[in-house]
file protein.cif (mmCIF, C-alpha atoms and all ligand atoms)
data_final
#
loop_
_atom_site.label_atom_id
_atom_site.label_comp_id
_atom_site.auth_asym_id
_atom_site.auth_seq_id
_atom_site.Cartn_x
_atom_site.Cartn_y
_atom_site.Cartn_z
CA MET A 500 -183.89 148.89 214.55
CA VAL A 501 -181.57 145.88 214.68
CA LYS A 502 -182.52 143.57 217.56
CA SER A 503 -179.60 143.10 219.96
CA LYS A 504 -178.13 139.61 220.15
CA ARG A 505 -179.01 137.73 223.30
CA ILE A 506 -176.35 135.82 225.17
CA LEU A 507 -177.16 133.34 227.90
CA LEU A 508 -174.07 133.34 230.13
CA ILE A 509 -173.63 130.31 232.35
CA VAL A 510 -171.16 130.92 235.13
CA SER A 511 -169.81 127.88 236.91
CA GLY A 512 -167.67 127.75 240.03
CA GLY A 513 -164.05 128.65 239.56
CA ILE A 514 -161.74 131.45 240.56
CA ALA A 515 -162.04 132.78 236.97
CA ALA A 516 -165.74 133.53 237.62
CA TYR A 517 -164.82 137.14 238.39
CA LYS A 518 -163.59 137.54 234.80
CA SER A 519 -167.16 136.92 233.58
CA LEU A 520 -168.06 140.28 235.09
CA GLU A 521 -165.55 141.92 232.77
CA LEU A 522 -166.92 139.82 229.88
CA ILE A 523 -170.43 141.18 230.50
CA ARG A 524 -169.04 144.72 230.26
CA ARG A 525 -167.36 143.92 226.96
CA LEU A 526 -170.48 142.27 225.58
CA ARG A 527 -172.76 145.11 226.58
CA GLU A 528 -170.34 147.61 225.00
CA ARG A 529 -170.86 145.64 221.79
CA GLY A 530 -174.64 145.93 222.09
CA PHE A 531 -175.37 142.40 223.32
CA SER A 532 -177.96 141.69 225.97
CA VAL A 533 -176.69 139.21 228.58
CA ARG A 534 -178.78 137.02 230.85
CA VAL A 535 -176.83 135.22 233.57
CA VAL A 536 -177.29 131.79 235.13
CA MET A 537 -175.02 130.78 238.01
CA THR A 538 -174.26 127.40 239.51
CA LYS A 539 -174.27 127.01 243.27
CA ALA A 540 -170.46 126.85 243.30
CA ALA A 541 -170.17 130.03 241.20
CA GLN A 542 -172.06 131.91 243.91
CA GLU A 543 -169.26 131.02 246.34
CA PHE A 544 -166.89 133.10 244.20
CA VAL A 545 -168.99 136.07 243.06
CA SER A 546 -172.36 137.22 244.30
CA PRO A 547 -175.40 137.11 241.98
CA LEU A 548 -175.91 140.75 242.84
CA SER A 549 -172.74 141.79 240.97
CA PHE A 550 -173.94 139.94 237.88
CA ALA A 551 -177.42 141.44 238.17
CA ALA A 552 -175.92 144.93 238.42
CA LEU A 553 -173.67 144.52 235.40
CA SER A 554 -176.11 142.66 233.18
CA GLY A 555 -179.06 144.83 234.20
CA GLN A 556 -181.18 141.66 234.38
CA LYS A 557 -182.38 139.12 236.89
CA VAL A 558 -179.83 136.37 237.60
CA TYR A 559 -181.12 132.79 237.57
CA THR A 560 -179.80 130.20 240.00
CA GLU A 561 -182.50 127.65 240.87
CA LEU A 562 -183.99 124.92 238.74
CA PHE A 563 -187.14 124.51 240.77
CA ALA A 564 -188.20 128.06 241.49
CA LEU A 565 -191.89 128.06 240.78
CA THR A 566 -192.28 131.79 240.40
CA ASP A 567 -189.41 131.82 237.92
CA GLU A 568 -191.02 128.97 236.01
CA ALA A 569 -194.14 131.07 235.78
CA GLU A 570 -192.12 134.02 234.49
CA MET A 571 -189.91 132.00 232.20
CA GLY A 572 -189.55 128.23 232.15
CA HIS A 573 -186.09 126.72 231.86
CA ILE A 574 -186.73 125.52 228.32
CA GLU A 575 -187.70 128.99 227.25
CA LEU A 576 -184.73 130.46 229.09
CA SER A 577 -182.36 128.22 227.14
CA ARG A 578 -184.03 128.84 223.79
CA ASP A 579 -184.48 132.56 224.07
CA ALA A 580 -180.75 133.08 223.45
CA ASP A 581 -178.80 133.52 220.21
CA LEU A 582 -175.78 131.87 221.84
CA VAL A 583 -175.19 130.02 225.09
CA VAL A 584 -171.75 130.63 226.60
CA ALA A 585 -170.26 128.87 229.62
CA VAL A 586 -167.65 131.17 231.16
CA PRO A 587 -165.81 129.85 233.06
CA ALA A 588 -166.52 126.24 232.12
CA THR A 589 -165.26 123.97 234.89
CA ALA A 590 -164.23 120.33 234.43
CA ASN A 591 -167.48 119.53 236.21
CA ILE A 592 -169.81 121.35 233.80
CA MET A 593 -167.92 119.94 230.80
CA GLY A 594 -168.27 116.45 232.24
CA LYS A 595 -171.97 116.90 232.90
CA LEU A 596 -172.75 118.06 229.37
CA ALA A 597 -170.51 115.39 227.79
CA SER A 598 -172.46 112.68 229.64
CA GLY A 599 -175.90 114.25 229.47
CA ILE A 600 -176.35 115.01 233.16
CA ALA A 601 -178.90 117.68 234.06
CA ASP A 602 -179.03 118.07 237.84
CA ASP A 603 -179.15 121.82 238.31
CA LEU A 604 -180.33 124.84 236.33
CA ALA A 605 -177.02 125.41 234.46
CA SER A 606 -176.58 121.82 233.29
CA THR A 607 -180.29 121.52 232.42
CA LEU A 608 -180.12 124.62 230.24
CA LEU A 609 -177.01 123.35 228.45
CA LEU A 610 -178.82 120.12 227.65
CA ALA A 611 -182.13 121.74 226.70
CA THR A 612 -180.86 124.46 224.43
CA ASP A 613 -181.39 124.54 220.67
CA THR A 614 -178.55 127.02 220.32
CA LYS A 615 -174.83 126.56 219.76
CA ILE A 616 -172.74 126.47 222.92
CA LEU A 617 -169.39 128.14 223.42
CA MET A 618 -167.25 127.17 226.41
CA ALA A 619 -164.24 128.92 227.92
CA PRO A 620 -162.68 126.27 230.15
CA ALA A 621 -160.76 127.24 233.28
CA MET A 622 -159.23 124.76 235.66
CA ASN A 623 -156.05 123.49 237.22
CA LEU A 624 -153.68 122.15 234.56
CA ARG A 625 -153.73 118.61 235.92
CA MET A 626 -157.51 118.63 235.77
CA TRP A 627 -157.36 119.93 232.18
CA LEU A 628 -154.80 117.33 231.13
CA ASN A 629 -156.59 114.50 232.92
CA PRO A 630 -157.67 111.89 230.33
CA ALA A 631 -161.26 112.17 231.58
CA THR A 632 -161.39 115.91 230.81
CA GLN A 633 -159.69 115.37 227.48
CA ARG A 634 -162.22 112.64 226.62
CA ASN A 635 -165.05 115.00 227.55
CA LEU A 636 -163.47 117.76 225.43
CA GLU A 637 -163.34 115.44 222.44
CA THR A 638 -166.98 114.38 222.93
CA LEU A 639 -168.13 117.99 223.22
CA LEU A 640 -166.16 119.04 220.11
CA ARG A 641 -167.78 116.20 218.19
CA ASP A 642 -171.18 117.35 219.45
CA GLY A 643 -170.49 120.79 218.00
CA VAL A 644 -169.56 122.72 221.16
CA ILE A 645 -167.14 125.53 220.36
CA PHE A 646 -164.16 126.24 222.61
CA VAL A 647 -162.08 129.29 223.27
CA GLY A 648 -158.92 128.65 225.29
CA PRO A 649 -157.75 127.57 227.75
CA ASN A 650 -154.45 129.38 227.45
CA ASP A 651 -151.10 128.57 228.96
CA GLY A 652 -150.26 130.73 231.92
CA ASP A 653 -149.78 131.23 235.64
CA MET A 654 -152.68 129.75 237.51
CA ALA A 655 -154.31 130.80 240.75
CA CYS A 656 -152.99 127.57 242.31
CA GLY A 657 -149.38 128.62 241.65
CA GLU A 658 -148.72 126.22 238.76
CA PHE A 659 -148.00 127.10 235.14
CA GLY A 660 -149.52 125.45 232.10
CA PRO A 661 -152.74 125.01 230.10
CA GLY A 662 -155.96 125.65 232.02
CA ARG A 663 -155.97 129.41 232.39
CA MET A 664 -159.19 130.88 231.03
CA ALA A 665 -159.06 132.93 227.81
CA GLU A 666 -159.19 136.68 228.45
CA PRO A 667 -162.60 138.44 228.28
CA LEU A 668 -161.64 140.24 225.06
CA GLU A 669 -160.67 136.94 223.41
CA ILE A 670 -163.98 135.42 224.53
CA ALA A 671 -165.94 138.43 223.25
CA ALA A 672 -164.21 138.07 219.86
CA ALA A 673 -165.00 134.33 219.77
CA ILE A 674 -168.66 135.11 220.55
CA GLU A 675 -168.81 137.65 217.72
CA ASN A 676 -167.27 135.10 215.37
CA CYS A 677 -169.79 132.42 216.37
CA LEU A 678 -172.66 134.78 215.72
CA LYS A 679 -171.52 135.28 212.12
CA GLN A 680 -172.70 131.69 211.47
CA PRO A 681 -176.22 130.35 212.08
CA THR A 682 -176.42 129.33 215.76
CA LYS A 683 -179.81 127.63 216.00
CA ILE A 684 -179.67 123.83 215.80
CA PRO A 685 -182.71 122.35 214.03
CA ALA A 686 -184.70 119.82 216.07
CA PRO A 687 -184.02 116.19 215.13
CA GLY A 688 -186.40 115.21 212.35
CA ALA A 689 -187.49 118.78 211.73
CA ALA A 690 -187.91 119.87 208.16
CA ALA A 691 -184.65 121.28 206.86
CA SER A 692 -184.50 125.03 207.02
CA PRO A 693 -184.42 126.79 203.66
CA SER A 694 -180.70 127.55 204.02
CA SER A 695 -179.63 124.05 205.05
CA GLY A 696 -181.84 122.57 202.34
CA SER A 697 -180.55 124.82 199.59
CA LYS A 698 -177.63 123.88 197.39
CA PRO A 699 -175.52 127.02 197.13
CA LEU A 700 -172.99 125.34 194.84
CA ALA A 701 -175.51 123.69 192.50
CA GLY A 702 -174.20 123.80 188.95
CA ARG A 703 -170.62 124.51 190.11
CA HIS A 704 -167.56 122.33 189.55
CA VAL A 705 -165.28 122.12 192.59
CA LEU A 706 -161.83 120.69 191.89
CA LEU A 707 -159.67 119.91 194.89
CA THR A 708 -156.52 118.14 195.98
CA SER A 709 -156.15 116.11 199.17
CA GLY A 710 -153.73 113.86 201.03
CA PRO A 711 -149.97 113.60 200.75
CA THR A 712 -147.93 112.79 197.66
CA HIS A 713 -145.39 109.98 197.55
CA GLU A 714 -142.13 110.64 195.76
CA PRO A 715 -140.34 107.42 194.90
CA ILE A 716 -136.71 106.82 195.87
CA ASP A 717 -136.70 103.34 194.38
CA PRO A 718 -139.48 100.78 193.71
CA VAL A 719 -140.01 100.14 197.44
CA ARG A 720 -139.20 103.43 199.18
CA TYR A 721 -140.62 106.90 198.96
CA ILE A 722 -140.58 110.38 200.51
CA ALA A 723 -143.92 111.32 202.09
CA ASN A 724 -145.51 113.37 204.86
CA ARG A 725 -148.04 112.82 207.63
CA SER A 726 -151.15 114.12 205.84
CA SER A 727 -154.14 111.77 206.29
CA GLY A 728 -156.40 113.44 203.72
CA ARG A 729 -159.10 113.86 206.40
CA GLN A 730 -159.46 117.62 205.93
CA GLY A 731 -159.40 117.58 202.12
CA HIS A 732 -161.83 114.66 201.91
CA ALA A 733 -164.18 116.39 204.37
CA ILE A 734 -164.13 119.48 202.13
CA ALA A 735 -165.01 117.29 199.14
CA ALA A 736 -168.00 115.90 201.06
CA ALA A 737 -169.10 119.39 202.13
CA ALA A 738 -168.87 120.67 198.54
CA ARG A 739 -170.94 117.69 197.37
CA ASP A 740 -173.55 118.42 200.04
CA ALA A 741 -173.66 122.00 198.82
CA GLY A 742 -174.70 120.69 195.41
CA ALA A 743 -171.39 120.92 193.53
CA ARG A 744 -169.97 118.43 191.06
CA VAL A 745 -166.74 117.47 192.83
CA THR A 746 -163.45 116.20 191.43
CA LEU A 747 -161.16 115.02 194.21
CA VAL A 748 -157.55 114.50 193.15
CA SER A 749 -156.04 112.56 196.02
CA GLY A 750 -152.65 111.20 196.94
CA PRO A 751 -152.40 107.86 198.78
CA VAL A 752 -154.63 108.02 201.90
CA PRO A 753 -155.95 105.39 204.33
CA ILE A 754 -159.56 106.64 204.06
CA ALA A 755 -162.29 106.13 201.47
CA ALA A 756 -163.37 108.93 199.16
CA PRO A 757 -166.79 110.39 200.04
CA HIS A 758 -169.49 108.79 197.91
CA GLY A 759 -170.75 110.83 195.00
CA VAL A 760 -167.46 112.58 194.26
CA ASN A 761 -165.25 111.85 191.29
CA LEU A 762 -162.03 110.42 192.76
CA VAL A 763 -158.81 110.68 190.77
CA SER A 764 -156.07 108.77 192.60
CA VAL A 765 -152.48 109.81 192.08
CA GLU A 766 -149.18 109.16 193.76
CA THR A 767 -146.66 111.86 192.93
CA ALA A 768 -146.85 115.65 192.84
CA GLN A 769 -146.29 115.63 189.07
CA GLN A 770 -149.22 113.22 188.61
CA MET A 771 -151.35 115.44 190.86
CA TYR A 772 -150.41 118.50 188.79
CA ASP A 773 -151.27 116.70 185.53
CA ALA A 774 -154.60 115.38 186.90
CA VAL A 775 -155.65 118.81 188.20
CA HIS A 776 -154.94 120.49 184.87
CA ALA A 777 -156.68 117.66 183.00
CA HIS A 778 -159.87 118.28 185.03
CA LEU A 779 -160.15 122.00 184.38
CA PRO A 780 -162.27 124.04 183.89
CA ALA A 781 -163.54 124.45 187.43
CA ASP A 782 -165.46 127.18 189.22
CA ILE A 783 -163.61 126.65 192.49
CA PHE A 784 -160.16 125.17 193.15
CA ILE A 785 -159.09 124.17 196.65
CA GLY A 786 -155.53 122.96 197.26
CA ALA A 787 -155.81 120.92 200.45
CA ALA A 788 -153.08 118.39 199.62
CA ALA A 789 -149.77 118.34 201.45
CA VAL A 790 -147.79 118.21 198.22
CA ALA A 791 -144.16 117.11 198.57
CA ASP A 792 -141.98 120.06 197.64
CA TRP A 793 -139.16 117.88 196.38
CA LYS A 794 -138.81 114.68 194.43
CA VAL A 795 -135.82 112.43 193.92
CA SER A 796 -134.38 113.61 190.61
CA ALA A 797 -133.63 110.13 189.30
CA PRO A 798 -135.41 107.39 191.29
CA SER A 799 -133.55 104.10 191.09
CA LYS A 800 -135.16 101.45 188.85
CA GLY A 801 -134.06 98.69 191.19
CA LYS A 802 -134.06 98.54 195.00
CA ILE A 803 -131.07 100.48 196.32
CA LYS A 804 -128.81 97.99 198.13
CA LYS A 805 -126.44 98.55 201.02
CA THR A 806 -123.00 98.49 199.47
CA GLY A 807 -120.92 99.05 202.58
CA ASP A 808 -119.89 102.51 201.29
CA GLY A 809 -122.39 104.36 203.49
CA PRO A 810 -125.87 105.69 202.70
CA PRO A 811 -126.74 106.79 199.16
CA ALA A 812 -126.75 110.50 198.36
CA LEU A 813 -130.23 111.50 197.16
CA SER A 814 -130.32 114.34 194.67
CA LEU A 815 -133.62 116.23 194.93
CA SER A 816 -135.36 118.56 192.51
CA GLU A 817 -138.38 120.79 193.05
CA ASN A 818 -141.91 119.69 192.25
CA PRO A 819 -144.29 121.99 190.37
CA ASP A 820 -146.47 124.17 192.60
CA ILE A 821 -150.00 123.07 191.75
CA LEU A 822 -151.84 125.77 193.66
CA ALA A 823 -149.72 128.59 192.21
CA SER A 824 -150.15 127.18 188.70
CA ILE A 825 -153.96 127.44 189.10
CA GLY A 826 -153.94 130.80 190.89
CA LYS A 827 -151.83 132.32 188.13
CA LEU A 828 -153.73 130.91 185.16
CA LYS A 829 -154.17 133.69 182.61
CA LYS A 830 -157.00 131.90 180.86
CA GLY A 831 -159.62 129.75 182.51
CA ARG A 832 -158.67 130.60 186.12
CA PRO A 833 -161.37 129.28 188.47
CA LEU A 834 -163.59 131.99 189.94
CA TYR A 835 -162.23 131.22 193.38
CA VAL A 836 -158.87 129.69 194.35
CA ALA A 837 -158.17 128.63 197.94
CA GLY A 838 -155.12 126.99 199.44
CA PHE A 839 -153.79 125.87 202.78
CA ALA A 840 -150.66 126.94 204.61
CA ALA A 841 -149.22 124.29 206.88
CA GLU A 842 -146.89 126.11 209.23
CA THR A 843 -144.86 125.43 212.35
CA GLY A 844 -144.22 129.14 213.05
CA GLU A 845 -145.20 132.67 211.99
CA LEU A 846 -148.61 131.51 210.80
CA GLU A 847 -149.90 134.91 209.80
CA LYS A 848 -146.75 136.15 208.05
CA ASN A 849 -146.21 132.91 206.13
CA GLY A 850 -149.92 132.59 205.31
CA ARG A 851 -150.07 136.11 203.90
CA ALA A 852 -146.91 135.47 201.86
CA LYS A 853 -148.50 132.34 200.35
CA LEU A 854 -151.70 134.26 199.50
CA VAL A 855 -149.66 136.63 197.35
CA LYS A 856 -147.04 134.21 196.02
CA LYS A 857 -149.63 131.67 194.88
CA ALA A 858 -152.19 134.26 193.67
CA CYS A 859 -154.96 132.81 195.85
CA ASP A 860 -158.20 134.37 197.04
CA LEU A 861 -158.04 132.64 200.41
CA ILE A 862 -155.47 130.85 202.53
CA VAL A 863 -156.48 128.53 205.33
CA ALA A 864 -153.48 128.63 207.64
CA ASN A 865 -152.97 125.94 210.24
CA ASP A 866 -150.37 125.16 212.86
CA VAL A 867 -148.96 121.69 212.17
CA ASN A 868 -146.56 121.50 215.11
CA PRO A 869 -146.73 117.91 216.40
CA GLU A 870 -148.32 118.97 219.72
CA THR A 871 -151.36 120.40 217.89
CA GLY A 872 -152.22 116.91 216.57
CA VAL A 873 -153.57 118.51 213.36
CA MET A 874 -151.66 116.29 210.93
CA GLY A 875 -153.54 113.00 210.91
CA GLY A 876 -155.84 114.10 213.79
CA ASP A 877 -159.60 114.73 213.98
CA PHE A 878 -159.56 118.45 214.77
CA ASN A 879 -158.19 121.59 213.21
CA THR A 880 -157.67 125.16 214.38
CA VAL A 881 -157.47 127.42 211.36
CA ARG A 882 -156.90 131.04 210.56
CA LEU A 883 -158.56 132.36 207.39
CA ILE A 884 -156.45 134.86 205.47
CA THR A 885 -157.85 136.94 202.62
CA LYS A 886 -156.96 140.33 201.22
CA ALA A 887 -159.77 141.70 203.40
CA GLY A 888 -158.22 140.48 206.65
CA ILE A 889 -157.73 137.62 209.05
CA GLU A 890 -160.23 135.54 210.93
CA ASP A 891 -159.42 133.04 213.69
CA TRP A 892 -161.66 130.03 213.99
CA PRO A 893 -161.92 128.02 217.20
CA ILE A 894 -160.80 124.39 217.36
CA LEU A 895 -163.35 122.38 215.38
CA PRO A 896 -163.73 118.86 214.03
CA LYS A 897 -162.30 118.75 210.49
CA GLU A 898 -165.82 118.07 209.13
CA GLU A 899 -167.08 121.30 210.69
CA VAL A 900 -164.10 123.28 209.32
CA ALA A 901 -165.01 121.82 205.92
CA ASN A 902 -168.71 122.75 206.19
CA GLN A 903 -168.00 126.29 207.31
CA LEU A 904 -165.28 126.76 204.70
CA ILE A 905 -167.54 125.62 201.88
CA ALA A 906 -170.39 127.81 203.18
CA ARG A 907 -168.02 130.77 203.23
CA ILE A 908 -166.61 130.11 199.75
CA ALA A 909 -170.12 129.58 198.33
CA LYS A 910 -171.17 132.94 199.74
CA LEU A 911 -168.10 134.73 198.40
CA VAL A 912 -168.53 133.15 194.97
CA SER A 913 -172.20 134.14 194.86
CA GLU A 914 -171.20 137.74 195.54
CA LEU A 915 -168.68 137.86 192.68
CA LYS A 916 -169.68 139.81 189.60
CA ARG A 917 -169.85 137.32 186.75
N1 LIG A 1001 -149.01 123.29 197.18
C1 LIG A 1001 -149.15 122.86 195.89
N2 LIG A 1001 -148.07 122.35 195.23
C2 LIG A 1001 -146.87 122.29 195.83
C3 LIG A 1001 -146.72 122.72 197.17
C4 LIG A 1001 -147.82 123.22 197.82
O1 LIG A 1001 -150.25 122.92 195.32
N3 LIG A 1001 -145.84 121.80 195.17
C5 LIG A 1001 -150.19 123.88 197.86
C6 LIG A 1001 -150.74 123.07 199.02
O2 LIG A 1001 -151.76 122.18 198.57
C7 LIG A 1001 -151.30 124.16 199.91
C8 LIG A 1001 -150.38 125.36 199.64
O3 LIG A 1001 -149.77 125.10 198.38
O4 LIG A 1001 -152.60 124.54 199.50
C9 LIG A 1001 -149.31 125.58 200.67
O5 LIG A 1001 -148.62 124.40 200.93
P1 LIG A 1001 -147.52 124.35 202.07
O6 LIG A 1001 -146.99 122.95 202.16
O7 LIG A 1001 -148.05 125.01 203.30
O8 LIG A 1001 -146.42 125.34 201.52
P2 LIG A 1001 -145.32 125.26 200.43
O9 LIG A 1001 -145.76 125.98 199.24
O10 LIG A 1001 -144.91 123.84 200.22
O11 LIG A 1001 -144.15 126.12 201.09
P3 LIG A 1001 -143.25 125.78 202.37
O12 LIG A 1001 -143.02 124.28 202.35
O13 LIG A 1001 -142.01 126.55 202.11
O14 LIG A 1001 -144.01 126.24 203.59
#

call {"tool": "encode", "arguments": {"input": "protein.cif", "output": "structure tokens"}}
result
Amino acid sequence: MVKSKRILLIVSGGIAAYKSLELIRRLRERGFSVRVVMTKAAQEFVSPLSFAALSGQKVYTELFALTDEAEMGHIELSRDADLVVAVPATANIMGKLASGIADDLASTLLLATDTKILMAPAMNLRMWLNPATQRNLETLLRDGVIFVGPNDGDMACGEFGPGRMAEPLEIAAAIENCLKQPTKIPAPGAAASPSSGSKPLAGRHVLLTSGPTHEPIDPVRYIANRSSGRQGHAIAAAARDAGARVTLVSGPVPIAAPHGVNLVSVETAQQMYDAVHAHLPADIFIGAAAVADWKVSAPSKGKIKKTGDGPPALSLSENPDILASIGKLKKGRPLYVAGFAAETGELEKNGRAKLVKKACDLIVANDVNPETGVMGGDFNTVRLITKAGIEDWPILPKEEVANQLIARIAKLVSELKR
């Protein structure tokens, strides 16, 4: 019999606490066992009895309850779970974990756990947008905490904006997604587990593009975009860590290439195309570059001067599509071809269209609207699109997106019939 997954649900004090009751229902329907811990403030909103009734288990509230310690110590309580979820997560509990404060049972468990933590924040929008909360969010993301929501919406306080907790079904889906990946965090200094120590891409050649391209207008000016290369370079590092030989074809970026990868620096889309084809064959191709779609047809040899007749008319022509050229290779196509879809609207529709048009096996779609801060930022929220379906990932540091993406591709490649 498959052992049911154990969720430790930490409920902190907010009006959204009542939605955790609904979450427990959803989780139990899915076969999870749920053990609840409540903060003192949470008990002002919902009684422990309701949680005990729905979870079918004792509810824990006190750090220093000697009988409880005899039954199950707080360390054991925190480690006995497959995932720790804080729903709702108040500004207070986020702040405590971000600064390492353990002054009640809930915050002590969050600090003591060896399991991944998922938080569903809920608070007034001004509290959410406060720089202190945003700083804490960034710290927690860096520490590997996974977030679902908050969403925009009407709030109990009568205001509208970000801060409204994600719905129980969304949270249940995020929990299921988290549990598809390993959730136990090895102790510092512990021997690497067999899976983290193994090199699933040993013997493979991973060829990838990263960064923007620059398309010259004249010797001093160019057309470019805001790509920093952070995501592509992180994927190169993750592929290297997975044991692959890595060729990173990069446009001009302000960051260093990860050590141990073969860097091929280019400037234009045409140079990137030529370099990629020159470095075939590869087992895996990943197009992470933000390739300029157009180039100036005839860049000026000298600096274009102001003549007094108004601005120059630039005639543009289309650049080759590097990803499509690899996806459609008749001979020597890599075993696995993945691309990105940078979109400002209709993520799913446009991502699916790119999967087909560019003959890819996987599209990593991301929202690059300026307010997401993805372009040039530290974090990414991606949606994985394959023929098999769509998977939403929570907001993660780009390094973590890279690690999980490489782990996923390595698994899919290992399952292919050779
Ligand atoms: N790509 C590429 N060569 C190009 C354009 C894009 O290899 N000339 C790759 C990118 O590296 C990315 C994917 O194609 O993996 C999608 O890029 P994106 O900029 O999202 O889409 P475009 O194909 O440029 O289409 P559009 O600008 O219309 O969205």

call {"tool": "residues_around", "arguments": {"input": "protein.cif", "residues": "Pro811 in chain A", "least_positions_apart": "2", "cutoff": "12 Å", "atoms": "all atoms listed in the file", "output": "ChimeraX atom specification"}}
result
/A:716-717,795,798-799,802-809,813-814

call {"tool": "write_last_selection", "arguments": {"input": "protein.cif", "atoms": "C-alpha atoms", "output": "PDB file, in the coordinates of the input"}}
result
ATOM      1  CA  ILE A 716    -136.710 106.820 195.870  1.00  0.00           C
ATOM      2  CA  ASP A 717    -136.700 103.340 194.380  1.00  0.00           C
ATOM      3  CA  VAL A 795    -135.820 112.430 193.920  1.00  0.00           C
ATOM      4  CA  PRO A 798    -135.410 107.390 191.290  1.00  0.00           C
ATOM      5  CA  SER A 799    -133.550 104.100 191.090  1.00  0.00           C
ATOM      6  CA  LYS A 802    -134.060  98.540 195.000  1.00  0.00           C
ATOM      7  CA  ILE A 803    -131.070 100.480 196.320  1.00  0.00           C
ATOM      8  CA  LYS A 804    -128.810  97.990 198.130  1.00  0.00           C
ATOM      9  CA  LYS A 805    -126.440  98.550 201.020  1.00  0.00           C
ATOM     10  CA  THR A 806    -123.000  98.490 199.470  1.00  0.00           C
ATOM     11  CA  GLY A 807    -120.920  99.050 202.580  1.00  0.00           C
ATOM     12  CA  ASP A 808    -119.890 102.510 201.290  1.00  0.00           C
ATOM     13  CA  GLY A 809    -122.390 104.360 203.490  1.00  0.00           C
ATOM     14  CA  LEU A 813    -130.230 111.500 197.160  1.00  0.00           C
ATOM     15  CA  SER A 814    -130.320 114.340 194.670  1.00  0.00           C
TER      16      SER A 814
END

call {"tool": "residues_near_ligand", "arguments": {"input": "protein.cif", "ligand": "ligand LIG 1001 (chain A)", "cutoff": "6 Å", "atoms": "all atoms listed in the file", "output": "count of residues only"}}
result
15

call {"tool": "atom_distance", "arguments": {"input": "protein.cif", "atom1": "CA of Asp860 in chain A", "atom2": "CA of Val836 in chain A"}}
result
5.4 Å

call {"tool": "atom_distance", "arguments": {"input": "protein.cif", "atom1": "CA of Thr560 in chain A", "atom2": "CA of Met537 in chain A"}}
result
5.2 Å

call {"tool": "atom_distance", "arguments": {"input": "protein.cif", "atom1": "CA of Arg641 in chain A", "atom2": "CA of Ala701 in chain A"}}
result
27.9 Å

call {"tool": "closest_residue", "arguments": {"input": "protein.cif", "among": "A:Met626, A:Ala686, A:Val765, A:Ala837", "to": "Thr712 in chain A", "atoms": "all atoms listed in the file"}}
result
A:Val765
